[in-house]
Amino acid sequence: METSAAKLVVQNLRKSFRSQRSEGSIQVFEGISFAVQPSEFISLVGPSGCGKTTFLRILDGLIPHDDGEILLDGKTIIKPGPDKGFVFQDSSLLPWRTVMDNIILGLELQGAGKREARKKAERYIALVGLAGFEHHYPHELSGGMQQRVNLARALIVDPQVLLMDEPFASLDAQTREIMQAELLKMWNQTKKTVIFVTHQIEEALYLADRVVVFSARPASIREIVKVGIPRPRSLSVKRSKEFLDLADHVWGIIQEEVLKSMGREREEGVL
C-alpha cells in the first residue's frame, strides 16, 4: 500500500457495535487498510449490511472507530470539519431556505459574510447547472436538482475530500444516469478526492478510478479493482465488453460474499 503521497490513508480500521439482543458485540470491520491518492475517485461496493455507510461516517469523524488510524493529509481524523464534505443519500436541504441560502449554509457557519458567501455561491450554482434557480425552494425542485444543490453545498467549503453516501439512490433510472455523467463533469473541473458509496456495480465502475470491494460482515477488503477505462467517459462505455467484463467480475465477488453470509446466518439460526 503506497502511502507516502496519499491524500487519505486508512490503516487497520476496526469497529464493533454492542448487540441489542445479547451482551456481546457485533464486529463491523476487520482490519481495513487502503490509501487514496490526491484527486482519485474511489467507489465502495459490497453486500448489503457490510458497513459501507458506517465506514463513510467514520471517515467523516461522525462515528468513532475502535482501533486503527485514518489520516487526511497526514493528520488524524477525529471529528467532522470543513476539510471533509459529506453528501447524504437524501438531499437534507432546509425547506425554508432557497437554493442560494442552502448552498451558503456551510460558509455562514464558518463565519463568512452573506455578501461574500453569495458571490462565491454563484460559481457553484453554475457548476451544478442551476443558474436561474437561485431563489427556488427545495419543494420546487426535482430530486436530481435537489441533489445538485446538496453537492454544491458540500463543494463550496472547498473540502479536501468529498464523501458521498449513495447520493443517487432515490432517483429514477434515467435521472440517475444523467447525474452520474454530470458528477464526472464536475469532478473533472474540481479534481476533488472522492469516496463514493453505492450498491450499484455499474455506477461504481463508471465513476471510479478504483473500486474497493468489501466482504460480508465483519467486513474486510476482498479486492481493489482498477478501472482502466480512459477518461472522459460517456455513458455508452457501459455497453463495452471491457466494462461488462469488469461488472461481471465485481458481481461475482459480491455474489460469493452474499452466499457465504447467508450460509453463516443459517448456521446461526438467523435465517
# chains A, B, ... in the order shown; residues from 1 in each chain; ligands from 1
call {"tool": "select_by_dssp", "arguments": {"residues": "region 72-268 of chain A", "states": "alpha helix (DSSP H)", "output": "NGL selection string"}}
result
:A and (99-103 or 105-109 or 114-127 or 143-155 or 173-190 or 201-207 or 241-267)
call {"tool": "closest_atom_pairs", "arguments": {"of": "region 46-91 of chain A", "to": "region 15-20 of chain A", "cutoff": "8 Å", "atoms": "only C-alpha atoms", "output": "Markdown table"}}
result
| residue | atom | partner | partner_atom | distance |
| --- | --- | --- | --- | --- |
| A:His65 | CA | A:Lys15 | CA | 5.2 |
| A:Asp66 | CA | A:Lys15 | CA | 5.0 |
| A:Asp67 | CA | A:Lys15 | CA | 6.9 |
call {"tool": "atom_distance", "arguments": {"atom1": "CA of Ser236 (chain A)", "atom2": "CA of Ile254 (chain A)"}}
result
24.3 Å
call {"tool": "residues_around", "arguments": {"residues": "Val213 (chain A)", "least_positions_apart": "5", "cutoff": "8 Å", "atoms": "only C-alpha atoms", "output": "number ranges by chain"}}
result
A: 44-46, 221-225, 250, 253-254
call {"tool": "atom_distance", "arguments": {"atom1": "CA of Val28 (chain A)", "atom2": "CA of Ala216 (chain A)"}}
result
9.2 Å
call {"tool": "closest_residue", "arguments": {"among": "A:Asp60, A:Glu108, A:Asp90, A:Glu166", "to": "Ser43 (chain A)", "atoms": "only C-alpha atoms"}}
result
A:Glu166
call {"tool": "select_by_dssp", "arguments": {"residues": "region 19-185 of chain A", "states": "strand (DSSP E)", "output": "number ranges by chain"}}
result
A: 25-36, 41-45, 67-72, 75-76, 84-87, 161-165
call {"tool": "write_last_selection", "arguments": {"atoms": "N, CA, C and O atoms", "output": "compact mmCIF listing (two decimals), in the first residue's frame"}}
result
# COMPACT_ATOMS: atom_id res chain seq x y z
N SER A 25 -20.97 -8.18 21.25
CA SER A 25 -20.85 -7.10 20.29
C SER A 25 -20.84 -7.67 18.88
O SER A 25 -20.56 -8.85 18.66
N ILE A 26 -21.15 -6.82 17.92
CA ILE A 26 -21.15 -7.19 16.51
C ILE A 26 -19.96 -6.53 15.83
O ILE A 26 -19.83 -5.30 15.84
N GLN A 27 -19.08 -7.35 15.30
CA GLN A 27 -17.90 -6.82 14.61
C GLN A 27 -18.32 -6.34 13.22
O GLN A 27 -18.89 -7.08 12.43
N VAL A 28 -18.04 -5.06 12.92
CA VAL A 28 -18.41 -4.48 11.63
C VAL A 28 -17.24 -4.55 10.65
O VAL A 28 -17.39 -4.99 9.52
N PHE A 29 -16.06 -4.09 11.09
CA PHE A 29 -14.86 -4.11 10.25
C PHE A 29 -13.78 -4.96 10.87
O PHE A 29 -13.64 -5.02 12.10
N GLU A 30 -12.96 -5.52 10.01
CA GLU A 30 -11.91 -6.42 10.47
C GLU A 30 -10.60 -6.04 9.79
O GLU A 30 -10.19 -6.63 8.80
N GLY A 31 -9.99 -4.97 10.26
CA GLY A 31 -8.67 -4.59 9.76
C GLY A 31 -8.67 -4.07 8.34
O GLY A 31 -7.98 -4.62 7.47
N ILE A 32 -9.39 -3.00 8.06
CA ILE A 32 -9.44 -2.42 6.71
C ILE A 32 -8.28 -1.45 6.53
O ILE A 32 -8.08 -0.54 7.34
N SER A 33 -7.54 -1.62 5.44
CA SER A 33 -6.41 -0.74 5.12
C SER A 33 -6.38 -0.46 3.63
O SER A 33 -6.47 -1.38 2.82
N PHE A 34 -6.29 0.81 3.26
CA PHE A 34 -6.01 1.21 1.87
C PHE A 34 -5.68 2.69 1.84
O PHE A 34 -5.92 3.42 2.80
N ALA A 35 -5.11 3.13 0.73
CA ALA A 35 -4.71 4.52 0.58
C ALA A 35 -5.37 5.09 -0.67
O ALA A 35 -5.57 4.39 -1.66
N VAL A 36 -5.69 6.38 -0.60
CA VAL A 36 -6.34 7.08 -1.72
C VAL A 36 -5.42 8.22 -2.14
O VAL A 36 -4.99 9.02 -1.30
N PHE A 41 -10.78 9.09 -7.59
CA PHE A 41 -12.19 8.80 -7.37
C PHE A 41 -12.30 7.32 -7.02
O PHE A 41 -12.01 6.45 -7.83
N ILE A 42 -12.71 7.04 -5.78
CA ILE A 42 -12.82 5.67 -5.27
C ILE A 42 -14.29 5.36 -5.03
O ILE A 42 -15.01 6.13 -4.41
N SER A 43 -14.74 4.21 -5.52
CA SER A 43 -16.08 3.72 -5.21
C SER A 43 -15.98 2.55 -4.24
O SER A 43 -15.05 1.74 -4.32
N LEU A 44 -16.95 2.47 -3.32
CA LEU A 44 -17.02 1.36 -2.37
C LEU A 44 -18.28 0.56 -2.65
O LEU A 44 -19.38 1.12 -2.70
N VAL A 45 -18.13 -0.75 -2.83
CA VAL A 45 -19.28 -1.63 -3.02
C VAL A 45 -19.11 -2.84 -2.11
O VAL A 45 -18.03 -3.11 -1.59
N ASP A 67 -10.27 0.82 16.65
CA ASP A 67 -8.82 0.62 16.51
C ASP A 67 -8.41 1.01 15.10
O ASP A 67 -9.24 1.07 14.19
N GLY A 68 -7.13 1.28 14.94
CA GLY A 68 -6.63 1.69 13.64
C GLY A 68 -6.49 3.20 13.55
O GLY A 68 -6.67 3.92 14.54
N GLU A 69 -6.18 3.68 12.35
CA GLU A 69 -5.93 5.10 12.16
C GLU A 69 -6.41 5.55 10.80
O GLU A 69 -6.35 4.81 9.82
N ILE A 70 -6.91 6.79 10.75
CA ILE A 70 -7.31 7.42 9.49
C ILE A 70 -6.58 8.74 9.39
O ILE A 70 -6.67 9.59 10.28
N LEU A 71 -5.84 8.92 8.30
CA LEU A 71 -5.05 10.13 8.11
C LEU A 71 -5.51 10.86 6.85
O LEU A 71 -5.64 10.25 5.79
N LEU A 72 -5.75 12.15 6.99
CA LEU A 72 -6.06 13.01 5.86
C LEU A 72 -4.96 14.06 5.77
O LEU A 72 -4.78 14.85 6.70
N LYS A 75 -2.76 14.04 8.79
CA LYS A 75 -3.32 14.37 10.09
C LYS A 75 -4.44 13.41 10.45
O LYS A 75 -5.27 13.07 9.61
N THR A 76 -4.51 13.01 11.71
CA THR A 76 -5.51 12.06 12.17
C THR A 76 -6.91 12.67 12.15
O THR A 76 -7.09 13.79 12.64
N LYS A 84 -13.63 18.00 5.08
CA LYS A 84 -14.39 16.89 4.52
C LYS A 84 -15.81 17.36 4.18
O LYS A 84 -16.47 17.98 5.01
N GLY A 85 -16.24 17.06 2.97
CA GLY A 85 -17.61 17.36 2.56
C GLY A 85 -18.41 16.07 2.48
O GLY A 85 -17.92 15.08 1.94
N PHE A 86 -19.62 16.07 3.04
CA PHE A 86 -20.43 14.85 3.08
C PHE A 86 -21.72 15.08 2.29
O PHE A 86 -22.45 16.03 2.56
N VAL A 87 -21.98 14.20 1.32
CA VAL A 87 -23.21 14.25 0.54
C VAL A 87 -24.03 13.02 0.91
O VAL A 87 -23.64 11.89 0.63
N VAL A 161 -11.53 16.27 0.82
CA VAL A 161 -12.08 15.00 0.33
C VAL A 161 -13.60 15.09 0.37
O VAL A 161 -14.18 15.69 1.29
N LEU A 162 -14.24 14.52 -0.64
CA LEU A 162 -15.70 14.52 -0.73
C LEU A 162 -16.20 13.10 -0.48
O LEU A 162 -15.82 12.16 -1.19
N LEU A 163 -17.06 12.95 0.52
CA LEU A 163 -17.62 11.66 0.91
C LEU A 163 -19.07 11.61 0.45
O LEU A 163 -19.87 12.46 0.85
N MET A 164 -19.42 10.63 -0.36
CA MET A 164 -20.75 10.57 -0.96
C MET A 164 -21.41 9.23 -0.66
O MET A 164 -20.90 8.17 -1.04
N ASP A 165 -22.54 9.28 0.05
CA ASP A 165 -23.22 8.07 0.51
C ASP A 165 -24.47 7.81 -0.34
O ASP A 165 -25.55 8.32 -0.04
call {"tool": "atom_distance", "arguments": {"atom1": "CA of Gly61 (chain A)", "atom2": "CA of Leu205 (chain A)"}}
result
26.5 Å
call {"tool": "closest_residue", "arguments": {"among": "A:Leu171, A:Val157, A:Ile195, A:Ala121", "to": "Leu109 (chain A)", "atoms": "only C-alpha atoms"}}
result
A:Val157
call {"tool": "closest_residue", "arguments": {"among": "A:Val258, A:Ala5, A:Leu56, A:Val227", "to": "Phe88 (chain A)", "atoms": "only C-alpha atoms"}}
result
A:Leu56
call {"tool": "closest_residue", "arguments": {"among": "A:Ala117, A:Asn150, A:Ser215, A:Arg231", "to": "Leu130 (chain A)", "atoms": "only C-alpha atoms"}}
result
A:Asn150
call {"tool": "closest_residue", "arguments": {"among": "A:Glu256, A:Ile77, A:Trp251, A:Pro64", "to": "His199 (chain A)", "atoms": "only C-alpha atoms"}}
result
A:Trp251
call {"tool": "closest_residue", "arguments": {"among": "A:Ile229, A:Leu105, A:Ile63, A:Ala181", "to": "Leu244 (chain A)", "atoms": "only C-alpha atoms"}}
result
A:Ile229
call {"tool": "residues_around", "arguments": {"residues": "region 139-146 of chain A", "least_positions_apart": "6", "cutoff": "9 Å", "atoms": "only C-alpha atoms", "output": "VMD selection string"}}
result
chain A and resid 90 to 93 95 99 128 to 130 133 168 170 to 172 175 to 176 178 to 179
call {"tool": "residues_around", "arguments": {"residues": "Lys120 (chain A)", "least_positions_apart": "5", "cutoff": "9 Å", "atoms": "only C-alpha atoms", "output": "list in words"}}
result
Ile104, Arg115 and Ile156 of chain A
